[in-house]
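This is structure_22.cif. It holds mmCIF, C-alpha atoms and all ligand atoms.
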data_run
loop_
_atom_site.label_atom_id
_atom_site.label_comp_id
_atom_site.auth_asym_id
_atom_site.auth_seq_id
_atom_site.Cartn_x
_atom_site.Cartn_y
_atom_site.Cartn_z
CA MET Q 251 -5.38 47.99 -74.00
CA ARG Q 252 -6.28 50.29 -76.85
CA ALA Q 253 -9.95 50.71 -77.83
CA LEU Q 254 -11.97 52.94 -80.13
CA ARG Q 255 -14.65 54.38 -77.86
CA LEU Q 256 -17.86 56.25 -78.54
CA THR Q 257 -17.96 58.90 -75.82
CA ALA Q 258 -20.53 61.41 -77.12
CA TRP Q 259 -23.47 61.09 -79.52
CA GLY Q 260 -22.90 62.76 -82.86
CA GLU Q 261 -19.13 62.89 -82.43
CA PRO Q 262 -16.45 60.66 -83.96
CA PRO Q 263 -15.22 57.83 -81.72
CA ALA Q 264 -11.96 58.46 -79.85
CA PRO Q 265 -9.01 56.14 -79.21
CA ALA Q 266 -8.66 55.43 -75.50
CA GLU Q 267 -6.61 53.30 -73.14
CA VAL Q 268 -8.94 51.01 -71.15
CA GLU Q 269 -8.35 48.13 -68.78
CA ARG Q 270 -8.25 44.66 -70.30
CA PRO Q 271 -11.41 42.90 -69.06
CA VAL Q 272 -11.18 39.83 -66.83
CA PRO Q 273 -13.76 37.12 -67.66
CA ARG Q 274 -16.02 35.97 -64.82
CA GLY Q 275 -18.67 33.24 -64.64
CA GLY Q 276 -19.38 32.01 -68.17
CA GLU Q 277 -17.66 34.95 -69.86
CA ILE Q 278 -14.94 34.59 -72.48
CA LEU Q 279 -12.13 36.98 -73.37
CA VAL Q 280 -11.30 37.03 -77.09
CA ARG Q 281 -8.10 38.57 -78.47
CA VAL Q 282 -9.30 40.48 -81.52
CA GLU Q 283 -7.72 39.61 -84.88
CA ALA Q 284 -10.02 41.69 -87.10
CA THR Q 285 -13.18 43.80 -86.85
CA GLY Q 286 -15.34 44.89 -89.75
CA LEU Q 287 -16.51 48.46 -90.11
CA CYS Q 288 -20.22 48.64 -90.93
CA HIS Q 289 -22.60 51.33 -92.16
CA SER Q 290 -24.56 50.86 -88.95
CA ASP Q 291 -21.45 52.02 -87.05
CA LEU Q 292 -21.95 55.34 -88.83
CA HIS Q 293 -25.62 55.36 -87.79
CA VAL Q 294 -24.65 54.65 -84.18
CA MET Q 295 -21.97 57.35 -83.94
CA GLY Q 296 -24.22 59.83 -85.76
CA ALA Q 297 -27.30 59.14 -83.60
CA VAL Q 298 -28.91 62.03 -81.77
CA PRO Q 299 -29.03 61.69 -77.97
CA GLY Q 300 -31.97 59.47 -76.95
CA ALA Q 301 -32.39 57.81 -80.35
CA LEU Q 302 -30.68 54.60 -79.16
CA PRO Q 303 -31.06 52.95 -75.74
CA TYR Q 304 -27.28 52.54 -75.31
CA ARG Q 305 -25.30 54.06 -72.41
CA LEU Q 306 -22.04 55.83 -73.20
CA PRO Q 307 -19.15 55.26 -73.36
CA PHE Q 308 -18.61 51.93 -75.10
CA THR Q 309 -16.20 50.41 -77.60
CA LEU Q 310 -17.52 50.13 -81.18
CA GLY Q 311 -17.25 47.07 -83.42
CA HIS Q 312 -19.87 44.36 -83.97
CA GLU Q 313 -18.15 42.24 -86.69
CA VAL Q 314 -15.41 40.52 -84.75
CA ALA Q 315 -13.11 37.55 -85.24
CA GLY Q 316 -10.27 36.45 -82.98
CA ARG Q 317 -8.78 33.85 -80.70
CA ILE Q 318 -10.07 32.80 -77.27
CA ALA Q 319 -7.56 34.19 -74.77
CA ALA Q 320 -9.07 33.55 -71.32
CA LEU Q 321 -12.17 32.04 -69.70
CA GLY Q 322 -14.34 32.60 -66.68
CA PRO Q 323 -14.54 29.53 -64.42
CA ASP Q 324 -17.89 28.40 -65.92
CA ALA Q 325 -17.09 28.89 -69.63
CA ASP Q 326 -17.04 25.59 -71.50
CA VAL Q 327 -14.83 26.41 -74.53
CA ARG Q 328 -11.11 26.10 -75.22
CA VAL Q 329 -8.45 28.77 -74.91
CA GLY Q 330 -6.67 29.15 -78.25
CA ASP Q 331 -9.69 28.33 -80.45
CA ARG Q 332 -10.39 30.82 -83.22
CA VAL Q 333 -13.92 32.18 -83.36
CA VAL Q 334 -16.24 34.74 -84.89
CA LEU Q 335 -18.70 36.56 -82.63
CA TYR Q 336 -22.42 36.14 -83.19
CA GLY Q 337 -23.14 39.86 -82.96
CA PRO Q 338 -26.79 40.37 -81.96
CA TRP Q 339 -27.02 39.77 -78.22
CA GLY Q 340 -30.57 39.39 -76.92
CA CYS Q 341 -31.86 38.91 -73.39
CA GLY Q 342 -30.57 35.32 -73.35
CA ALA Q 343 -33.73 34.07 -71.62
CA CYS Q 344 -36.61 34.15 -74.14
CA ASP Q 345 -37.53 31.36 -76.60
CA ARG Q 346 -35.94 33.21 -79.48
CA CYS Q 347 -32.60 33.63 -77.72
CA ALA Q 348 -32.69 30.01 -76.57
CA ALA Q 349 -33.00 28.99 -80.23
CA GLY Q 350 -30.03 31.16 -81.29
CA ARG Q 351 -32.35 33.80 -82.76
CA ASP Q 352 -31.17 36.74 -80.66
CA ASN Q 353 -31.78 38.94 -83.71
CA TYR Q 354 -35.51 38.55 -83.00
CA CYS Q 355 -35.29 38.56 -79.17
CA ASP Q 356 -38.71 39.09 -77.62
CA ARG Q 357 -37.26 41.54 -75.11
CA ARG Q 358 -35.22 43.60 -77.57
CA ASP Q 359 -37.22 46.73 -76.76
CA THR Q 360 -36.31 46.49 -73.06
CA LEU Q 361 -32.53 46.07 -73.49
CA THR Q 362 -29.95 48.86 -73.21
CA TRP Q 363 -27.75 47.08 -75.76
CA HIS Q 364 -28.18 45.18 -79.01
CA GLY Q 365 -24.84 43.40 -79.06
CA ALA Q 366 -21.07 43.73 -79.09
CA GLY Q 367 -20.23 47.30 -80.11
CA LEU Q 368 -23.92 48.20 -79.89
CA GLY Q 369 -24.28 49.41 -76.32
CA ARG Q 370 -21.78 46.82 -75.00
CA ASP Q 371 -18.01 46.95 -75.54
CA GLY Q 372 -17.23 45.64 -79.03
CA GLY Q 373 -14.28 44.57 -81.12
CA MET Q 374 -12.52 47.78 -82.12
CA ALA Q 375 -10.00 47.00 -79.41
CA GLU Q 376 -7.25 44.52 -78.61
CA TYR Q 377 -9.64 42.31 -76.65
CA VAL Q 378 -13.42 41.88 -76.38
CA LEU Q 379 -15.35 40.33 -73.50
CA VAL Q 380 -18.11 37.95 -74.63
CA PRO Q 381 -20.86 37.19 -72.07
CA SER Q 382 -21.55 33.61 -73.17
CA ALA Q 383 -20.14 30.81 -75.35
CA ARG Q 384 -23.45 30.80 -77.25
CA HIS Q 385 -22.21 33.99 -78.96
CA LEU Q 386 -19.20 32.21 -80.49
CA VAL Q 387 -18.90 30.22 -83.72
CA PRO Q 388 -15.62 28.38 -84.53
CA ILE Q 389 -13.79 29.47 -87.69
CA ASP Q 390 -10.82 27.05 -87.61
CA GLY Q 391 -8.36 28.16 -90.29
CA LEU Q 392 -10.47 30.87 -91.94
CA SER Q 393 -8.54 34.17 -92.03
CA ALA Q 394 -9.78 36.76 -89.57
CA ASP Q 395 -10.39 39.46 -92.17
CA GLN Q 396 -12.62 37.00 -94.05
CA ALA Q 397 -14.37 35.75 -90.91
CA ALA Q 398 -15.12 39.06 -89.19
CA PRO Q 399 -17.39 40.50 -91.94
CA LEU Q 400 -19.29 37.21 -92.06
CA SER Q 401 -20.85 38.04 -88.68
CA ASP Q 402 -22.92 40.89 -90.08
CA ALA Q 403 -22.34 41.53 -93.81
CA GLY Q 404 -22.29 37.78 -94.47
CA LEU Q 405 -24.93 36.72 -91.95
CA THR Q 406 -27.41 39.48 -92.80
CA SER Q 407 -27.15 38.66 -96.51
CA TYR Q 408 -27.43 34.94 -95.80
CA HIS Q 409 -30.52 35.39 -93.60
CA ALA Q 410 -32.18 37.58 -96.23
CA VAL Q 411 -31.53 35.00 -98.96
CA ALA Q 412 -32.68 32.18 -96.65
CA GLY Q 413 -36.06 33.89 -96.31
CA LEU Q 414 -36.50 33.84 -100.10
CA ARG Q 415 -34.92 30.49 -100.91
CA HIS Q 416 -38.29 28.69 -101.21
CA ALA Q 417 -39.07 30.93 -104.20
CA LEU Q 418 -35.67 30.72 -105.92
CA GLY Q 419 -35.51 27.46 -107.87
CA GLU Q 420 -34.11 26.98 -111.37
CA ASP Q 421 -35.24 29.50 -114.01
CA THR Q 422 -35.95 32.20 -111.49
CA THR Q 423 -34.47 35.67 -111.38
CA THR Q 424 -33.37 37.73 -108.38
CA VAL Q 425 -32.38 41.38 -108.44
CA VAL Q 426 -29.84 42.69 -105.92
CA ILE Q 427 -30.06 46.45 -105.43
CA GLY Q 428 -26.88 47.93 -103.93
CA VAL Q 429 -23.65 45.95 -104.32
CA GLY Q 430 -21.56 47.05 -101.33
CA GLY Q 431 -20.32 45.18 -98.26
CA LEU Q 432 -23.54 43.16 -98.00
CA GLY Q 433 -24.73 43.11 -101.60
CA HIS Q 434 -21.60 41.52 -103.07
CA LEU Q 435 -21.98 38.68 -100.55
CA ALA Q 436 -25.69 38.32 -101.33
CA VAL Q 437 -24.81 37.82 -105.00
CA GLN Q 438 -22.37 35.03 -104.06
CA ILE Q 439 -24.79 33.42 -101.58
CA LEU Q 440 -27.57 33.44 -104.18
CA ARG Q 441 -25.23 31.74 -106.64
CA ALA Q 442 -24.06 29.19 -104.08
CA THR Q 443 -27.40 28.28 -102.46
CA THR Q 444 -30.20 28.92 -104.99
CA GLY Q 445 -30.88 28.20 -108.64
CA SER Q 446 -31.64 31.82 -109.39
CA ARG Q 447 -30.10 34.09 -112.00
CA VAL Q 448 -28.78 37.26 -110.39
CA LEU Q 449 -29.14 40.76 -111.78
CA ALA Q 450 -27.40 43.64 -109.99
CA VAL Q 451 -28.23 47.34 -109.76
CA ASP Q 452 -26.07 50.13 -108.35
CA VAL Q 453 -25.28 53.80 -108.90
CA ARG Q 454 -21.50 53.14 -109.11
CA GLU Q 455 -19.64 51.52 -112.02
CA ASP Q 456 -17.08 49.92 -109.69
CA ALA Q 457 -19.91 48.29 -107.69
CA LEU Q 458 -21.19 46.69 -110.90
CA ALA Q 459 -17.68 45.39 -111.58
CA LEU Q 460 -17.70 43.90 -108.07
CA ALA Q 461 -21.13 42.35 -108.79
CA GLU Q 462 -19.76 40.74 -111.92
CA ARG Q 463 -16.71 39.37 -110.05
CA SER Q 464 -19.15 38.05 -107.43
CA GLY Q 465 -21.05 36.06 -110.05
CA ALA Q 466 -23.92 38.31 -111.14
CA ASP Q 467 -25.25 37.47 -114.59
CA PHE Q 468 -25.92 41.09 -115.49
CA GLY Q 469 -25.49 44.51 -113.94
CA THR Q 470 -26.98 47.90 -114.72
CA LEU Q 471 -26.64 51.44 -113.41
CA VAL Q 472 -29.68 53.20 -111.97
CA ARG Q 473 -31.18 55.24 -114.80
CA ALA Q 474 -34.63 56.42 -115.87
CA ASP Q 475 -35.31 53.14 -117.70
CA THR Q 476 -33.76 50.65 -115.24
CA ALA Q 477 -37.09 48.88 -114.62
CA ARG Q 478 -37.56 48.32 -118.35
CA VAL Q 479 -33.97 47.07 -118.76
CA LEU Q 480 -34.40 44.55 -115.92
CA ARG Q 481 -37.83 43.36 -117.07
CA ALA Q 482 -36.42 42.81 -120.56
CA ARG Q 483 -33.97 40.33 -118.98
CA THR Q 484 -36.95 38.17 -117.94
CA GLY Q 485 -38.72 38.32 -121.29
CA GLY Q 486 -41.03 40.97 -119.81
CA ALA Q 487 -42.56 38.77 -117.07
CA GLY Q 488 -40.78 40.43 -114.16
CA VAL Q 489 -38.43 39.05 -111.53
CA ASP Q 490 -39.15 36.54 -108.75
CA ALA Q 491 -37.41 38.38 -105.93
CA VAL Q 492 -35.67 41.62 -105.09
CA LEU Q 493 -33.12 42.07 -102.30
CA ASP Q 494 -32.93 45.78 -101.60
CA PHE Q 495 -29.72 46.68 -99.72
CA VAL Q 496 -30.44 50.41 -100.03
CA GLY Q 497 -34.05 50.85 -98.89
CA THR Q 498 -34.78 54.34 -100.17
CA THR Q 499 -38.16 55.27 -101.64
CA GLN Q 500 -36.52 55.22 -105.07
CA THR Q 501 -35.22 51.66 -104.70
CA LEU Q 502 -38.49 50.39 -103.16
CA GLU Q 503 -40.40 51.81 -106.11
CA LEU Q 504 -37.94 50.23 -108.53
CA ALA Q 505 -38.41 46.87 -106.76
CA VAL Q 506 -42.20 47.01 -106.92
CA GLY Q 507 -42.01 47.98 -110.58
CA ILE Q 508 -40.03 44.91 -111.63
CA LEU Q 509 -41.58 42.10 -109.56
CA ARG Q 510 -43.78 39.52 -111.27
CA PRO Q 511 -47.05 38.40 -109.62
CA GLY Q 512 -46.26 36.49 -106.41
CA GLY Q 513 -42.89 38.21 -106.28
CA GLU Q 514 -41.01 38.79 -103.04
CA LEU Q 515 -39.29 41.92 -101.79
CA ALA Q 516 -36.82 41.72 -98.90
CA VAL Q 517 -35.79 45.15 -97.65
CA VAL Q 518 -32.40 44.87 -95.95
CA GLY Q 519 -31.03 48.41 -96.26
CA SER Q 520 -32.19 50.95 -93.70
CA GLY Q 521 -32.50 53.82 -96.15
CA GLY Q 522 -35.68 55.11 -94.54
CA GLY Q 523 -37.72 54.85 -97.77
CA ARG Q 524 -41.47 54.44 -97.74
CA LEU Q 525 -43.77 52.12 -99.60
CA THR Q 526 -47.53 52.52 -99.39
CA VAL Q 527 -49.45 49.24 -99.27
CA TYR Q 528 -52.99 49.29 -100.58
CA LYS Q 529 -55.29 46.83 -102.32
CA PRO Q 530 -56.29 46.90 -105.05
CA GLY Q 531 -53.40 49.02 -106.24
CA VAL Q 532 -50.10 48.98 -108.06
CA LEU Q 533 -48.45 46.23 -106.01
CA PRO Q 534 -48.29 42.94 -107.92
CA PRO Q 535 -50.90 40.35 -106.86
CA GLY Q 536 -49.43 37.89 -104.38
CA PHE Q 537 -46.69 40.39 -103.47
CA ARG Q 538 -44.83 39.49 -100.29
CA LEU Q 539 -42.70 41.87 -98.26
CA SER Q 540 -40.16 41.10 -95.54
CA LEU Q 541 -37.82 43.18 -93.41
CA PRO Q 542 -35.08 40.72 -92.47
CA PHE Q 543 -32.81 41.81 -89.65
CA TRP Q 544 -29.27 40.39 -89.12
CA GLY Q 545 -29.49 36.57 -88.74
CA THR Q 546 -29.44 33.56 -86.42
CA ARG Q 547 -26.53 31.77 -84.77
CA PRO Q 548 -27.13 28.53 -86.74
CA GLU Q 549 -27.09 30.61 -89.94
CA LEU Q 550 -23.75 32.16 -88.90
CA ALA Q 551 -22.31 28.64 -88.65
CA GLU Q 552 -23.70 27.92 -92.14
CA VAL Q 553 -22.23 31.06 -93.67
CA VAL Q 554 -18.84 30.33 -92.03
CA ALA Q 555 -18.98 26.82 -93.56
CA LEU Q 556 -19.80 28.36 -96.95
CA ALA Q 557 -16.77 30.67 -96.68
CA GLY Q 558 -14.60 27.76 -95.49
CA SER Q 559 -15.56 25.78 -98.61
CA GLY Q 560 -14.50 28.70 -100.81
CA ALA Q 561 -18.03 29.33 -102.11
CA ILE Q 562 -18.02 32.95 -100.90
CA HIS Q 563 -15.22 35.46 -100.56
CA VAL Q 564 -15.43 38.83 -98.84
CA GLU Q 565 -13.82 41.70 -100.72
CA THR Q 566 -11.98 43.62 -97.99
CA GLU Q 567 -9.76 46.62 -97.47
CA ARG Q 568 -7.55 46.35 -94.38
CA PHE Q 569 -6.76 49.26 -92.08
CA PRO Q 570 -4.77 49.24 -88.83
CA LEU Q 571 -7.03 50.04 -85.86
CA SER Q 572 -5.06 53.28 -85.39
CA ALA Q 573 -6.24 54.36 -88.87
CA ALA Q 574 -9.93 53.85 -88.00
CA PRO Q 575 -10.73 57.57 -88.52
CA GLU Q 576 -9.53 57.31 -92.13
CA ALA Q 577 -11.53 54.11 -92.68
CA ILE Q 578 -14.64 55.75 -91.22
CA ASP Q 579 -14.17 58.78 -93.44
CA ARG Q 580 -13.74 56.60 -96.55
CA LEU Q 581 -16.88 54.59 -95.67
CA ARG Q 582 -18.86 57.78 -95.15
CA ARG Q 583 -17.85 58.99 -98.61
CA GLY Q 584 -18.70 55.63 -100.25
CA ARG Q 585 -15.01 55.03 -101.05
CA VAL Q 586 -14.59 51.56 -99.53
CA ARG Q 587 -14.51 48.62 -101.94
CA GLY Q 588 -16.41 45.77 -100.27
CA ARG Q 589 -15.81 45.77 -96.52
CA ALA Q 590 -13.33 47.81 -94.45
CA VAL Q 591 -11.64 45.64 -91.81
CA LEU Q 592 -9.70 47.02 -88.83
CA VAL Q 593 -6.76 45.05 -87.48
CA PRO Q 594 -5.19 45.84 -84.07
CA ASP Q 595 -1.69 47.32 -84.54
ZN ZN D 601 -23.48 46.09 -89.03
ZN ZN D 602 -34.34 37.22 -75.79
#

Write the structure described by the file as structure tokens, please.
Amino acid sequence: MRALRLTAWGEPPAPAEVERPVPRGGEILVRVEATGLCHSDLHVMGAVPGALPYRLPFTLGHEVAGRIAALGPDADVRVGDRVVLYGPWGCGACDRCAAGRDNYCDRRDTLTWHGAGLGRDGGMAEYVLVPSARHLVPIDGLSADQAAPLSDAGLTSYHAVAGLRHALGEDTTTVVIGVGGLGHLAVQILRATTGSRVLAVDVREDALALAERSGADFGTLVRADTARVLRARTGGAGVDAVLDFVGTTQTLELAVGILRPGGELAVVGSGGGRLTVYKPGVLPPGFRLSLPFWGTRPELAEVVALAGSGAIHVETERFPLSAAPEAIDRLRRGRVRGRAVLVPD
């Protein structure tokens, strides 16, 4: 079968012909229908040797939807069922993994993989081998190009919003910084699951248009006076929460500058920015900071249900798997609208 393999750190992945895996034990073989292309794929392929614990080569792709094609003798699921992969694979033995919280696996630091396409063979291929049924969530009739991005873009946004939901009742305001593959879903999830107004910030006009289509109440470009513009939208009080999908020093400083006392900042984007915490200081009193990472398996089922009900819709651009190099290039240049999805051809 065809697969897009990472064979050397710092080099683009290469198409290769590999053997179709045969499931053993509790393993499941899934025929891939669609795989999302994520910014973290760029980080993985661009990593310097030694930066990640993964062994080369492996097939990329951690946002995967497809149909169960074959089972190991101990796998208790049905051939033919359509599924999305729960992407973060932990040790499978700790309390966190047992609770479907592989994203916060206690043994993460000791693993040589972090999931499908992240040190283990992923979904940029005709088939993907899944080690356990606990990594599968049924999608029924949901289209594969909608379902695949839910496993990271959707789940990560959902998990980040879930961590703030207690603070987002009626008459609250949330700012979403960065309206790309994740941000446009965060806007929709905020609208569907909280009472909050949603303000959006981006450096691109077309991202603000996407924010508006996603249900944001207001959008603004990053400018010298963005903090003032956003505060004015709350009558000067400041906002209740900020979801930062960029995570640069500039966006962290913007976030801190617009939060009201007791405000919450969730940093989702891995932009490498720094925020200095000191007290007393410029941070609002009662300020709370979180660094949500990916999400849990129960949350993936919730976000799939939300998509199934029509409450959220992923904006996608489809590419055949053979055109992955073009999709990767477009993503690198910030030219993908919403999420790029690769479909085996
Ligand atoms: Zn990702
Ligand atoms: Zn674990």

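Excluding Q:Leu502 itself and same-chain residues fewer than 4 positions from it, the residues having an atom within 10 Å of it are Ile427, Val492, Leu493, Asp494, Val496, Gly497, Thr498, Val506, Gly507, Leu515, Ala516, Val517, Gly521, Gly523, Arg524 and Leu525 of chain Q, counting only C-alpha atoms.
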
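With all atoms listed in the file as the atoms that count, the residue of Q:Arg568, Q:His563, Q:Arg587, Q:His364 with the shortest distance to ligand ZN 601 (chain D) is Q:His364.
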
Mind dumping a table of every chain Q residue within 7 Å of ligand ZN 602 (chain D), with the nearest atom pair and its distance in Å to one decimal, using only C-alpha atoms and all ligand atoms, sorted by chain and rising number, as a tab-separated table?
residue	atom	partner	partner_atom	distance
Q:Gly340	CA	D:ZN602	ZN	4.5
Q:Cys341	CA	D:ZN602	ZN	3.8
Q:Gly342	CA	D:ZN602	ZN	4.9
Q:Ala343	CA	D:ZN602	ZN	5.3
Q:Cys344	CA	D:ZN602	ZN	4.2
Q:Asp345	CA	D:ZN602	ZN	6.7
Q:Arg346	CA	D:ZN602	ZN	5.7
Q:Cys347	CA	D:ZN602	ZN	4.4
Q:Asp352	CA	D:ZN602	ZN	5.8
Q:Cys355	CA	D:ZN602	ZN	3.8
Q:Asp356	CA	D:ZN602	ZN	5.1
Q:Arg357	CA	D:ZN602	ZN	5.3
Q:Arg358	CA	D:ZN602	ZN	6.7

The residue from Q:Leu418, Q:Val314, Q:Val425, Q:Val593 with the smallest atom-to-atom distance to ligand ZN 601 (chain D), counting only C-alpha atoms and all ligand atoms, is Q:Val314

Give one line per residue of chain Q that approaches ligand ZN 601 (chain D) to at most 6 Å, naming the two atoms of the closest pair and their distance in Å to one decimal, counting only C-alpha atoms and all ligand atoms; sort by chain then ascending residue number and deliver it as a tab-separated table.
residue	atom	partner	partner_atom	distance
Q:Cys288	CA	D:ZN601	ZN	4.6
Q:Ser290	CA	D:ZN601	ZN	4.9
Q:Asp402	CA	D:ZN601	ZN	5.3

In Å, rounded to a single decimal, give me how far atom CA of Q:Arg328 is from atom CA of Q:His312.
22.1 Å

Which neighbours of Q:Trp363 fall inside 7 Å, counting all atoms listed in the file, when residues of the same chain fewer than 5 positions from it are skipped, and could you give them as a PyMOL selection string?
chain Q and resi 303-304+368-370

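As for atom CA of Q:Ala590 and atom CA of Q:Gly286, they are spaced 5.9 Å apart.
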
For stretch 542-551 of chain Q, I'd like the enclosing box, axis-aligned and padded by 6 Å on every side, reported as AutoDock Vina command-line options with centre and edge lengths in Å to one decimal.
--center_x -28.7 --center_y 35.2 --center_z -88.6 --size_x 24.8 --size_y 25.3 --size_z 19.7

Nearby residues, (-24.2, 36.3, -99.9) file frame, 10 Å, all atoms listed in the file, as an MDAnalysis selection string
chainID Q and resid 400 403:412 431:443 464 553 556:557 561:564

Find the residues near stretch 577-582 of chain Q: any atom within 10 Å, counting only C-alpha atoms, skip ones fewer than 6 places away on the same chain, and give them as a PyMOL selection string.
chain Q and resi 262-263+287-289+291-292+567-571+588-592

Output file for the selection above: C-alpha atoms, as a CSV table (one decimal), keeping the file's coordinate frame:
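The result, written out as selection28.csv:
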chain,number,residue,atom,x,y,z
Q,262,PRO,CA,-16.4,60.7,-84.0
Q,263,PRO,CA,-15.2,57.8,-81.7
Q,287,LEU,CA,-16.5,48.5,-90.1
Q,288,CYS,CA,-20.2,48.6,-90.9
Q,289,HIS,CA,-22.6,51.3,-92.2
Q,291,ASP,CA,-21.4,52.0,-87.0
Q,292,LEU,CA,-22.0,55.3,-88.8
Q,567,GLU,CA,-9.8,46.6,-97.5
Q,568,ARG,CA,-7.6,46.4,-94.4
Q,569,PHE,CA,-6.8,49.3,-92.1
Q,570,PRO,CA,-4.8,49.2,-88.8
Q,571,LEU,CA,-7.0,50.0,-85.9
Q,588,GLY,CA,-16.4,45.8,-100.3
Q,589,ARG,CA,-15.8,45.8,-96.5
Q,590,ALA,CA,-13.3,47.8,-94.4
Q,591,VAL,CA,-11.6,45.6,-91.8
Q,592,LEU,CA,-9.7,47.0,-88.8

Would you give me, as JSON lines, each residue of stretch 444-549 of chain Q having an atom within 12 Å of an atom of stretch 376-395 of chain Q, along with its shortest atom pair and that distance in Å to one decimal, using all atoms listed in the file and sorting by chain and residue number?
{"residue": "Q:Thr546", "atom": "CA", "partner": "Q:His385", "partner_atom": "CA", "distance": 10.4}
{"residue": "Q:Arg547", "atom": "CA", "partner": "Q:His385", "partner_atom": "CA", "distance": 7.6}
{"residue": "Q:Pro548", "atom": "CA", "partner": "Q:Val387", "partner_atom": "CA", "distance": 8.9}
{"residue": "Q:Glu549", "atom": "CA", "partner": "Q:Val387", "partner_atom": "CA", "distance": 10.3}

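With distances restricted to all atoms listed in the file, Q:Arg351 is the closest residue to Q:Phe543 from Q:Arg481, Q:Arg317, Q:Arg281, Q:Arg351.
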
Just the number, please: distance in Å from atom CA of Q:Glu565 to atom CA of Q:Leu335, one decimal.
19.4 Å

Excluding Q:Thr484 and any residue of its chain fewer than 2 positions from it, enumerate the residues within 10 Å of it, using only C-alpha atoms, and give them as a list in words.
Asp421, Thr422, Thr423, Arg447, Val479, Leu480, Arg481, Ala482, Gly486, Ala487, Gly488, Val489, Asp490, Ile508 and Arg510 of chain Q

Taking into account all atoms listed in the file, which residue in the set Q:Leu256, Q:Ala505, Q:Leu321, Q:Leu302 is nearest to Q:Ala491?
Q:Ala505

Taking into account all atoms listed in the file, which residue in the set Q:Gly311, Q:Gly465, Q:Gly531, Q:Gly350 is nearest to Q:Pro399?
Q:Gly311

In terms of the shortest atom-to-atom distance over all atoms listed in the file, which of Q:Glu514, Q:Asp467, Q:Glu420, Q:Asp371 is closest to Q:Pro271?
Q:Asp371

Name all residues at most 8 Å from Q:Pro273 (count only C-alpha atoms; drop same-chain ones fewer than 4 positions away) and give them as a list in words.
Glu277, Ile278, Leu279, Ala320, Leu321, Gly322 and Leu379 of chain Q
